[in-house]
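Okay, data_4.txt is below, compact mmCIF, C-alpha atoms:
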```txt
# COMPACT_ATOMS: atom_id res chain seq x y z
CA MET A 276 0.00 0.00 0.00
CA GLU A 277 1.44 3.32 -1.03
CA SER A 278 2.09 5.68 1.85
CA SER A 279 0.91 9.28 1.81
CA LYS A 280 3.48 12.06 1.82
CA GLN A 281 2.73 14.96 4.13
CA ALA A 282 2.85 18.33 2.44
CA VAL A 283 5.24 20.90 3.91
CA LYS A 284 4.46 24.60 4.06
CA VAL A 285 7.33 26.63 2.64
CA SER A 286 8.39 30.27 2.64
CA ASN A 287 7.97 32.68 -0.24
CA ASN A 288 11.61 32.33 -1.27
CA TYR A 289 11.81 28.51 -1.14
CA TRP A 290 11.15 28.33 -4.88
CA MET A 291 14.26 30.44 -5.52
CA LYS A 292 16.37 27.91 -3.64
CA VAL A 293 14.81 25.12 -5.70
CA VAL A 294 15.54 26.96 -8.95
CA ALA A 295 19.16 27.62 -7.91
CA LEU A 296 19.77 24.00 -6.88
CA PHE A 297 18.25 22.51 -10.01
CA PHE A 298 20.14 25.08 -12.11
CA VAL A 299 23.39 23.68 -10.68
CA GLY A 300 22.09 20.16 -11.30
CA TRP A 301 21.71 20.85 -15.02
CA ILE A 302 25.19 22.39 -15.18
CA LEU A 303 26.63 19.10 -13.94
CA MET A 304 24.31 16.99 -16.08
CA TYR A 305 25.46 18.67 -19.28
CA ALA A 306 29.11 19.17 -18.32
CA THR A 307 29.52 15.45 -17.63
CA ARG A 308 28.03 14.80 -21.09
CA THR A 309 29.90 17.34 -23.17
CA ILE A 310 33.42 16.88 -21.79
CA PHE A 311 33.56 13.92 -24.18
CA ASN A 312 32.71 15.78 -27.40
CA PRO A 313 35.73 18.05 -28.03
CA ILE A 314 38.10 15.13 -27.35
CA MET A 315 36.24 12.45 -29.32
CA GLY A 316 39.02 12.45 -31.91
CA ILE A 317 41.71 11.82 -29.29
CA ILE A 318 39.69 9.06 -27.62
CA GLY A 319 39.00 7.64 -31.08
CA GLU A 320 42.72 7.52 -31.83
CA ASN A 321 43.40 5.94 -28.45
CA PHE A 322 40.89 3.12 -29.06
CA GLY A 323 41.17 3.01 -32.89
CA LEU A 324 37.59 4.14 -33.62
CA SER A 325 35.68 5.45 -36.64
CA ASN A 326 33.21 8.35 -36.57
CA THR A 327 30.39 5.80 -36.48
CA GLN A 328 31.83 4.15 -33.37
CA LEU A 329 32.39 7.50 -31.69
CA GLY A 330 28.78 8.38 -32.41
CA LEU A 331 27.80 5.05 -30.88
CA ALA A 332 29.53 6.03 -27.62
CA ASN A 333 27.19 9.02 -27.32
CA SER A 334 24.17 7.08 -28.54
CA ILE A 335 24.64 4.31 -25.95
CA PHE A 336 24.77 6.92 -23.20
CA PHE A 337 21.53 8.55 -24.35
CA LEU A 338 19.86 5.18 -25.00
CA THR A 339 20.12 4.19 -21.34
CA TYR A 340 19.29 7.76 -20.30
CA ALA A 341 16.07 7.73 -22.34
CA ILE A 342 15.03 4.22 -21.30
CA ALA A 343 15.47 5.12 -17.62
CA GLN A 344 13.20 8.19 -17.90
CA VAL A 345 9.75 6.65 -17.54
CA PRO A 346 10.49 4.08 -14.80
CA PHE A 347 12.31 6.69 -12.72
CA GLY A 348 9.41 9.09 -13.24
CA VAL A 349 6.94 6.47 -12.01
CA ILE A 350 9.17 5.53 -9.06
CA GLY A 351 9.57 9.20 -8.19
CA ASP A 352 5.79 9.67 -8.08
CA LYS A 353 5.49 6.66 -5.78
CA ILE A 354 8.42 6.66 -3.33
CA GLY A 355 9.74 10.22 -3.47
CA ARG A 356 11.34 12.39 -6.10
CA LYS A 357 14.27 13.79 -4.15
CA LEU A 358 15.42 10.26 -3.22
CA VAL A 359 15.34 9.22 -6.89
CA ILE A 360 17.26 12.34 -7.93
CA THR A 361 19.87 11.77 -5.22
CA ILE A 362 20.48 8.15 -6.16
CA GLY A 363 20.71 9.06 -9.83
CA PHE A 364 23.30 11.77 -9.19
CA LEU A 365 25.41 9.45 -7.06
CA ILE A 366 25.42 6.89 -9.87
CA MET A 367 26.26 9.59 -12.40
CA GLY A 368 29.17 10.91 -10.32
CA VAL A 369 30.71 7.51 -9.69
CA MET A 370 30.35 6.41 -13.31
CA THR A 371 31.80 9.68 -14.60
CA TYR A 372 34.90 8.98 -12.52
CA PHE A 373 35.09 5.39 -13.76
CA SER A 374 34.80 6.63 -17.37
CA GLY A 375 38.31 8.01 -17.03
CA LEU A 376 39.57 4.62 -15.87
CA ALA A 377 38.34 2.71 -18.94
CA THR A 378 41.11 0.80 -20.74
CA THR A 379 39.03 -0.55 -23.64
CA PHE A 380 36.28 0.88 -25.80
CA VAL A 381 33.81 -1.79 -24.64
CA MET A 382 34.52 -0.90 -21.00
CA PHE A 383 34.06 2.79 -21.83
CA LEU A 384 30.69 2.03 -23.48
CA VAL A 385 29.43 0.02 -20.48
CA ILE A 386 30.46 2.70 -17.97
CA ARG A 387 28.93 5.50 -20.05
CA ALA A 388 25.73 3.47 -20.35
CA MET A 389 25.54 3.23 -16.56
CA ALA A 390 26.18 6.98 -16.28
CA GLY A 391 23.25 7.47 -18.64
CA ILE A 392 21.02 5.45 -16.31
CA GLY A 393 22.02 7.73 -13.44
CA GLN A 394 21.14 10.83 -15.44
CA GLY A 395 17.78 9.29 -16.35
CA ALA A 396 16.62 9.78 -12.76
CA TYR A 397 16.75 13.57 -12.99
CA TYR A 398 14.43 15.02 -15.61
CA GLY A 399 10.90 13.98 -14.62
CA PRO A 400 11.30 14.13 -10.83
CA GLN A 401 13.21 17.43 -11.07
CA TYR A 402 10.60 19.24 -13.15
CA ALA A 403 7.80 17.77 -11.04
CA LEU A 404 9.39 19.17 -7.87
CA SER A 405 10.16 22.54 -9.44
CA THR A 406 6.67 22.85 -10.98
CA GLU A 407 5.10 22.30 -7.56
CA SER A 408 7.42 24.86 -5.93
CA ILE A 409 7.56 27.75 -8.42
CA PRO A 410 4.66 30.26 -8.32
CA LYS A 411 2.39 29.74 -11.31
CA SER A 412 2.94 33.29 -12.50
CA LYS A 413 6.68 32.61 -12.75
CA LEU A 414 6.61 28.97 -13.91
CA THR A 415 8.00 29.39 -17.43
CA LEU A 416 10.60 31.93 -16.29
CA GLY A 417 11.68 29.70 -13.38
CA THR A 418 11.90 26.74 -15.74
CA ALA A 419 14.00 28.81 -18.16
CA ILE A 420 16.42 29.74 -15.37
CA ILE A 421 16.75 26.08 -14.42
CA ASN A 422 17.23 25.16 -18.07
CA SER A 423 19.97 27.76 -18.51
CA GLY A 424 22.12 25.45 -16.41
CA MET A 425 22.22 23.25 -19.53
CA ALA A 426 23.92 26.11 -21.37
CA PHE A 427 26.48 26.70 -18.62
CA GLY A 428 27.15 22.97 -18.41
CA THR A 429 27.53 22.53 -22.16
CA SER A 430 29.93 25.44 -22.39
CA GLY A 431 31.81 24.38 -19.27
CA GLY A 432 32.23 20.83 -20.57
CA TYR A 433 33.50 22.07 -23.93
CA LEU A 434 35.95 24.52 -22.39
CA LEU A 435 37.21 22.16 -19.68
CA SER A 436 38.20 19.32 -22.00
CA SER A 437 39.40 21.69 -24.76
CA LYS A 438 41.68 23.51 -22.34
CA LEU A 439 43.02 20.50 -20.48
CA VAL A 440 43.36 18.03 -23.33
CA LEU A 441 43.48 19.89 -26.67
CA GLU A 442 45.58 22.83 -25.47
CA ASN A 443 47.51 21.59 -22.41
CA GLY A 444 48.00 18.06 -23.71
CA GLU A 445 46.76 16.30 -20.56
CA HIS A 446 45.34 12.78 -20.70
CA TRP A 447 41.74 12.50 -21.94
CA SER A 448 40.64 11.01 -18.60
CA ARG A 449 41.36 14.17 -16.59
CA PRO A 450 38.05 16.01 -17.30
CA PHE A 451 36.08 12.93 -16.22
CA PHE A 452 37.90 12.76 -12.89
CA ILE A 453 37.35 16.48 -12.23
CA MET A 454 33.61 16.46 -12.99
CA ALA A 455 32.89 13.46 -10.76
CA ILE A 456 33.63 15.33 -7.51
CA PRO A 457 31.07 18.20 -7.65
CA THR A 458 28.46 15.78 -8.99
CA ILE A 459 28.65 13.64 -5.85
CA ILE A 460 28.61 16.73 -3.60
CA VAL A 461 25.45 18.09 -5.26
CA ALA A 462 23.77 14.68 -4.87
CA ILE A 463 24.10 15.10 -1.11
CA LEU A 464 22.75 18.66 -1.30
CA PHE A 465 19.67 17.45 -3.17
CA TYR A 466 18.78 15.06 -0.36
CA THR A 467 19.41 17.52 2.45
CA LEU A 468 17.87 20.71 0.99
CA LEU A 469 14.86 19.64 -1.08
CA LYS A 470 11.34 19.21 0.32
CA GLU A 471 9.36 16.30 -1.08
CA LYS A 472 5.90 17.90 -1.18
CA VAL A 473 5.27 21.58 -0.65
CA ILE A 474 2.40 23.99 -0.13
CA ARG A 475 3.19 27.30 -1.81
CA PRO A 476 1.95 30.43 -0.05
CA GLU A 477 -0.43 31.01 -2.97
CA ASP A 478 -1.96 27.56 -2.37
CA GLU A 479 -2.44 27.79 1.40
CA ALA A 480 -6.22 27.92 1.05
CA LYS A 481 -6.20 24.60 -0.75
CA VAL A 482 -6.11 21.32 1.12
CA VAL A 483 -3.12 19.20 0.09
CA GLU A 484 -3.06 15.95 1.99
CA THR A 485 -1.32 13.39 -0.15
CA ASP A 486 1.10 13.23 -3.00
CA ALA A 487 -0.94 10.72 -4.99
CA VAL A 488 -4.56 10.83 -6.01
CA GLY A 489 -4.95 7.13 -6.69
CA ASN A 490 -5.53 7.50 -10.42
CA LYS A 491 -3.55 5.16 -12.63
CA VAL A 492 -2.41 6.81 -15.85
CA SER A 493 -0.86 4.59 -18.51
CA PHE A 494 1.82 5.60 -20.97
CA LYS A 495 -0.69 4.91 -23.75
CA SER A 496 -3.21 7.35 -22.29
CA ILE A 497 -0.53 10.04 -22.08
CA ILE A 498 0.56 9.79 -25.71
CA SER A 499 -3.08 9.57 -26.89
CA ASN A 500 -3.51 13.18 -25.72
CA LYS A 501 -3.03 15.19 -28.95
CA ASN A 502 -1.53 18.20 -27.19
CA LEU A 503 1.01 16.03 -25.39
CA LEU A 504 1.77 13.98 -28.51
CA ALA A 505 2.41 17.14 -30.53
CA ALA A 506 4.75 18.42 -27.79
CA PHE A 507 6.56 15.07 -27.66
CA ILE A 508 7.19 15.01 -31.43
CA LEU A 509 8.31 18.64 -31.48
CA CYS A 510 10.65 17.87 -28.59
CA PHE A 511 12.09 14.86 -30.47
CA THR A 512 12.91 16.86 -33.59
CA SER A 513 14.29 19.79 -31.59
CA ILE A 514 16.52 17.53 -29.49
CA TYR A 515 17.71 15.61 -32.57
CA ALA A 516 18.98 18.85 -34.10
CA ASN A 517 20.44 20.01 -30.79
CA PHE A 518 22.44 16.82 -30.33
CA VAL A 519 23.76 16.89 -33.86
CA ILE A 520 25.22 20.25 -32.85
CA ILE A 521 26.26 19.37 -29.28
CA THR A 522 27.91 16.10 -30.33
CA TRP A 523 29.48 16.91 -33.68
CA LEU A 524 29.98 20.69 -33.82
CA PRO A 525 33.48 20.56 -32.22
CA SER A 526 34.60 17.86 -34.66
CA PHE A 527 32.93 19.69 -37.56
CA LEU A 528 34.79 22.90 -36.66
CA ILE A 529 38.11 21.02 -36.56
CA ALA A 530 37.67 18.84 -39.66
CA GLU A 531 35.68 21.08 -42.01
CA ARG A 532 36.16 24.67 -40.83
CA GLY A 533 39.80 24.70 -39.71
CA PHE A 534 39.46 25.64 -36.03
CA ALA A 535 41.97 24.30 -33.48
CA GLY A 536 42.78 24.18 -29.75
CA THR A 537 40.76 26.14 -27.22
CA SER A 538 39.04 28.07 -30.03
CA VAL A 539 37.05 24.89 -30.72
CA GLY A 540 35.56 24.97 -27.22
CA PHE A 541 35.03 28.73 -27.34
CA ILE A 542 33.23 28.78 -30.70
CA SER A 543 31.14 25.74 -29.76
CA SER A 544 30.18 27.50 -26.53
CA LEU A 545 28.54 30.35 -28.44
CA VAL A 546 25.43 28.19 -28.85
CA PRO A 547 24.77 27.56 -25.14
CA TRP A 548 25.77 31.09 -24.11
CA ALA A 549 23.38 32.65 -26.63
CA SER A 550 20.60 30.34 -25.43
CA ILE A 551 20.55 31.94 -21.97
CA PRO A 552 19.14 35.37 -22.92
CA GLY A 553 16.95 33.71 -25.57
CA ALA A 554 15.38 31.33 -23.06
CA LEU A 555 14.81 34.00 -20.43
CA ILE A 556 13.32 36.54 -22.84
CA PHE A 557 10.97 34.12 -24.56
CA ALA A 558 9.98 32.44 -21.27
CA ARG A 559 9.01 35.80 -19.83
CA PHE A 560 6.96 36.51 -22.93
CA ALA A 561 5.30 33.09 -22.64
CA ASP A 562 4.30 33.73 -19.01
CA LYS A 563 2.69 37.02 -20.04
CA SER A 564 1.01 35.97 -23.29
CA GLY A 565 0.04 32.38 -22.43
CA SER A 566 0.41 31.45 -26.11
CA THR A 567 2.70 28.51 -26.82
CA LYS A 568 1.93 28.22 -30.54
CA LYS A 569 2.92 31.78 -31.43
CA LEU A 570 6.34 31.29 -29.88
CA VAL A 571 6.78 27.91 -31.57
CA TYR A 572 5.97 29.52 -34.94
CA LEU A 573 8.61 32.17 -34.26
CA LEU A 574 11.42 30.08 -32.78
CA VAL A 575 11.37 26.84 -34.76
CA PRO A 576 11.66 28.35 -38.28
CA LEU A 577 14.61 30.48 -37.12
CA ALA A 578 16.22 27.39 -35.57
CA ILE A 579 15.77 25.50 -38.86
CA LEU A 580 17.41 28.34 -40.79
CA SER A 581 20.34 28.48 -38.40
CA VAL A 582 20.99 24.70 -38.43
CA PHE A 583 20.99 24.73 -42.24
CA SER A 584 23.36 27.70 -42.26
CA ILE A 585 25.83 26.09 -39.83
CA ALA A 586 26.54 23.43 -42.44
CA PHE A 587 26.22 25.70 -45.47
CA VAL A 588 28.24 28.82 -44.71
CA THR A 589 32.05 28.86 -44.89
CA ASN A 590 32.75 32.43 -43.78
CA ARG A 591 33.87 32.32 -40.15
CA THR A 592 32.14 35.53 -39.11
CA LEU A 593 28.85 34.40 -40.65
CA LEU A 594 29.26 30.98 -39.03
CA ILE A 595 29.61 32.63 -35.62
CA ALA A 596 26.45 34.67 -36.33
CA VAL A 597 24.33 31.62 -37.20
CA LEU A 598 25.63 29.73 -34.15
CA ILE A 599 24.44 32.61 -31.99
CA LEU A 600 21.10 32.62 -33.83
CA TYR A 601 20.64 28.92 -33.08
CA GLY A 602 21.47 29.52 -29.43
CA LEU A 603 18.84 32.26 -29.23
CA THR A 604 16.08 30.23 -30.93
CA GLY A 605 17.00 26.53 -30.66
CA LYS A 606 16.25 23.73 -28.24
CA LEU A 607 17.32 25.45 -25.02
CA ALA A 608 15.15 28.50 -25.78
CA LEU A 609 12.19 26.37 -26.87
CA ASP A 610 12.34 23.79 -24.09
CA PRO A 611 11.00 25.79 -21.09
CA ILE A 612 8.04 26.93 -23.20
CA VAL A 613 7.17 23.38 -24.23
CA VAL A 614 7.80 21.98 -20.72
CA ALA A 615 5.33 24.49 -19.28
CA TYR A 616 2.85 23.50 -22.01
CA VAL A 617 3.25 19.82 -21.08
CA THR A 618 2.67 20.52 -17.36
CA LYS A 619 -0.60 22.27 -18.21
CA ASN A 620 -1.79 19.22 -20.19
CA ALA A 621 -0.46 16.48 -17.89
CA PRO A 622 -2.97 14.14 -16.17
CA LYS A 623 -3.57 14.95 -12.51
CA GLY A 624 -1.33 13.06 -10.10
CA SER A 625 1.11 11.90 -12.80
CA LEU A 626 3.19 14.97 -13.53
CA SER A 627 6.55 13.25 -12.99
CA THR A 628 5.48 10.33 -15.20
CA THR A 629 4.25 12.64 -17.98
CA LEU A 630 7.40 14.74 -17.93
CA SER A 631 9.52 11.59 -18.00
CA ALA A 632 7.52 10.33 -21.00
CA TYR A 633 8.03 13.69 -22.69
CA ASN A 634 11.77 13.55 -22.17
CA PHE A 635 11.96 9.84 -23.03
CA ILE A 636 10.48 10.45 -26.47
CA GLY A 637 12.39 13.68 -26.93
CA MET A 638 15.72 12.20 -25.88
CA SER A 639 15.28 9.41 -28.40
CA GLY A 640 16.56 12.08 -30.77
CA SER A 641 19.77 12.23 -28.74
CA ILE A 642 20.16 8.47 -29.19
CA LEU A 643 19.83 8.61 -32.96
CA ALA A 644 21.57 11.91 -33.77
CA PRO A 645 25.17 11.05 -32.72
CA TYR A 646 25.22 7.63 -34.42
CA ILE A 647 23.36 8.60 -37.61
CA THR A 648 25.47 11.73 -38.08
CA GLY A 649 28.68 9.75 -37.54
CA PHE A 650 27.52 7.06 -39.97
CA LEU A 651 26.60 9.65 -42.62
CA ALA A 652 29.97 11.37 -42.14
CA ASP A 653 31.81 8.08 -42.72
CA THR A 654 29.59 7.23 -45.70
CA VAL A 655 29.45 10.61 -47.47
CA GLY A 656 32.75 12.02 -46.25
CA SER A 657 31.22 15.14 -44.67
CA MET A 658 29.24 15.93 -41.54
CA LYS A 659 27.14 18.52 -43.38
CA ILE A 660 24.54 15.95 -44.46
CA GLY A 661 23.78 15.29 -40.77
CA PHE A 662 22.90 18.95 -40.24
CA TYR A 663 20.64 18.97 -43.31
CA LEU A 664 18.78 15.88 -42.05
CA ALA A 665 18.22 17.68 -38.72
CA CYS A 666 16.57 20.56 -40.62
CA ILE A 667 14.14 18.19 -42.36
CA LEU A 668 13.12 16.62 -39.07
CA GLN A 669 12.52 20.03 -37.49
CA VAL A 670 10.21 20.96 -40.37
CA ILE A 671 8.23 17.77 -39.72
CA GLY A 672 8.00 18.55 -35.99
CA LEU A 673 6.73 22.05 -36.70
CA ILE A 674 4.02 20.77 -39.08
CA VAL A 675 2.84 18.13 -36.58
CA PHE A 676 2.64 20.68 -33.77
CA ALA A 677 0.71 23.11 -35.96
CA VAL A 678 -1.85 20.42 -36.86
CA LEU A 679 -2.34 18.70 -33.48
CA ALA A 680 -1.62 21.18 -30.69
CA LYS A 681 -3.95 23.73 -29.15
CA ASP A 682 -3.00 26.58 -26.86
CA THR A 683 -3.85 25.78 -23.25
CA LYS A 684 -4.54 28.64 -20.89
CA GLU A 685 -3.74 28.29 -17.20
CA GLU A 686 -6.83 28.02 -15.06
CA ALA A 687 -7.38 30.91 -12.69
```

How does this structure look as structure tokens?
Amino acid sequence: MESSKQAVKVSNNYWMKVVALFFVGWILMYATRTIFNPIMGIIGENFGLSNTQLGLANSIFFLTYAIAQVPFGVIGDKIGRKLVITIGFLIMGVMTYFSGLATTFVMFLVIRAMAGIGQGAYYGPQYALSTESIPKSKLTLGTAIINSGMAFGTSGGYLLSSKLVLENGEHWSRPFFIMAIPTIIVAILFYTLLKEKVIRPEDEAKVVETDAVGNKVSFKSIISNKNLLAAFILCFTSIYANFVIITWLPSFLIAERGFAGTSVGFISSLVPWASIPGALIFARFADKSGSTKKLVYLLVPLAILSVFSIAFVTNRTLLIAVLILYGLTGKLALDPIVVAYVTKNAPKGSLSTTLSAYNFIGMSGSILAPYITGFLADTVGSMKIGFYLACILQVIGLIVFAVLAKDTKEEA
């Protein structure tokens, strides 16, 4: 028999602490992912790998990450979200450290797969906890601030491994060892600082007795909701394009645009840095307007144009400009808007499960993008075709969202 979780009354500023803590969580989540990407070539030389095999290393990580989403979301709804997040972060920290100890490619794949499982515990439970804590009038903005940790983490991972390995010539394992330590520390902070179920000051008049309402919501019933299905497909196509860029942009800059050393990490970091003001500005607009579709119609076409241009343009100044444009309008700017849309359409009592389903389907794009792009690069002899395929998928996602989704206003 499932036990009830007593709601805890919190202060007005508790939500700010939640946002700050989860912001740091996303920094570590993305930094532990992206430290691999600038040094893929060196690791490939060390283990004798092709682009396809290097893509597989990323795809295996995101395969286990995606598969773990839904079960961890369900477990979080049942036994407690902060416990699930804590355990996941501990696994992620330990496996990140062990990644640097791998002596064969197979061992590296297995360890990275286990790190992916640890990361799979974060998304659904995290956004469920933050959604319950952030005032409704600031939900999209608060989510955007949390999401901006992805940008800091992506940039930090790029710069750390570029500086240590590409410029200073240190062993490829060093960034993995460094990132493991703060990850384990933050896992402990999650368990000690987070509240499992909260009553916001704005909700004091409402009676909140238990964390579960007893309704069983199946995965099938979630994806049969047209609004949710449209958001899931849009998320998939957006994440596919994003992970083509996150995974292969450093290698693309080295092999096809002539960048070298720390400049690779710096130029690649333009995307996540530009995403921070983009996410905050558009999230604020979303909170005020309440219209998801208008923002989707603005952001996605610009993201498609920028992804196409990354592969097409050869002028370095213009390349920098389109990278910034993608940062302003791409996945990290779009995500808080779509996450807020999903929370408004999620079945009652299954928010963590719905968010995990959303990210499971979306992150399937991160499984496919690294491997397919690597395979196409080996087959065609250029990574550009991978960027063009990402554009086509984004067009499909935009059309599906336009046909299926309806704007959902927050109830007063």

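Of note, CA of Arg356 (chain A) and CA of Lys619 (chain A) are spaced 19.7 Å apart.
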
Would you mind reading off the distance between CA of Phe650 (chain A) and CA of Leu329 (chain A), one decimal, in Å?
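Atom-to-atom, CA of Phe650 (chain A) to CA of Leu329 (chain A), that is 9.6 Å.
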
With only C-alpha atoms as the basis for distance, which of A:Ser405, A:Asn288, A:Ser625, A:Asn312 is at the shortest distance from Lys472 (chain A)?
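Of A:Ser405, A:Asn288, A:Ser625, A:Asn312, the one nearest Lys472 (chain A), counting only C-alpha atoms, is A:Ser405.
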
Could you jot down the CA of Gly391 (chain A) to CA of Thr339 (chain A) separation for me, Å, one decimal place?
5.3 Å

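The shortest atom-to-atom distance to Thr418 (chain A), with all atoms listed in the file taken into account, belongs to A:Trp301 out of A:Trp301, A:Phe337, A:Phe583, A:Trp447.
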
Within 9 Å of Gln394 (chain A) using only C-alpha atoms, minus same-chain residues under 5 positions, as a short mmCIF file (atom, residue, chain, number, x, y, z; two decimals) with C-alpha atoms, in the frame of the given file:
```
data_model
loop_
_atom_site.label_atom_id
_atom_site.label_comp_id
_atom_site.auth_asym_id
_atom_site.auth_seq_id
_atom_site.Cartn_x
_atom_site.Cartn_y
_atom_site.Cartn_z
CA MET A 304 24.31 16.99 -16.08
CA THR A 339 20.12 4.19 -21.34
CA TYR A 340 19.29 7.76 -20.30
CA ALA A 343 15.47 5.12 -17.62
CA GLN A 344 13.20 8.19 -17.90
CA ILE A 360 17.26 12.34 -7.93
CA GLY A 363 20.71 9.06 -9.83
CA PHE A 364 23.30 11.77 -9.19
CA ILE A 366 25.42 6.89 -9.87
CA MET A 367 26.26 9.59 -12.40
CA MET A 389 25.54 3.23 -16.56
#
```

What residues have an atom no more than 9 Å from (8.0, 29.2, -13.9) in the file's own frame, counting all atoms listed in the file, and can you write them as a list in words?
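Residues with an atom close enough to that point: Ser405, Thr406, Ile409, Pro410, Lys411, Ser412, Lys413, Leu414, Thr415, Leu416, Gly417, Thr418, Ala419, Ile420, Ala558, Arg559, Asp562, Pro611 and Ala615 of chain A.
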
Residue neighbourhood Ala455 (chain A), 12 Å, only C-alpha atoms, exclusion window fewer than 2 positions, as a PyMOL selection string
chain A and resi 303-304+306-308+310+364-375+390+448-453+457-462

Applying 12 Å and all atoms listed in the file, which residues near Gly602 (chain A) remain after dropping the ones on its own chain fewer than 3 positions away? List them as number ranges by chain.
A: 423, 425-426, 429-430, 516-517, 520-521, 542-554, 574-575, 577-579, 581-582, 585, 595-599, 605-609

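Each of A:Phe311, A:Tyr515, A:Phe465, A:Phe383 was compared to Ile642 (chain A) using only C-alpha atoms, and A:Tyr515 turns out to be the nearest.
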
Of the candidates A:Gly323, A:Gly348, A:Gly355, A:Gly656, which shows the shortest atom-to-atom distance to Phe635 (chain A), using all atoms listed in the file?
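Checking each candidate against Phe635 (chain A), we get A:Gly348 as the closest.
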
Near-Leu503 (chain A) list (10 Å; all atoms listed in the file; drop same-chain fewer than 4 positions) as a list in words
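Those residues are Ile497, Ile498, Ser499, Phe507, Ile508, Leu509, Val613, Tyr616, Val617, Thr618, Lys619, Asn620, Ala621, Thr629, Leu630, Ala632, Tyr633, Phe676, Leu679, Ala680 and Lys681 of chain A.
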
Excluding same-chain residues fewer than 5 positions from Phe527 (chain A), what lies within 10 Å of it counting only C-alpha atoms, as a ChimeraX atom specification?
/A:520,522,532-534,539,585-586,652,657-659

May I ask which of the residues A:Leu673, A:Trp523, A:Ser641, A:Leu594 is the closest one to Lys568 (chain A), counting all atoms listed in the file?
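Ranked by minimum distance to Lys568 (chain A), first place goes to A:Leu673.
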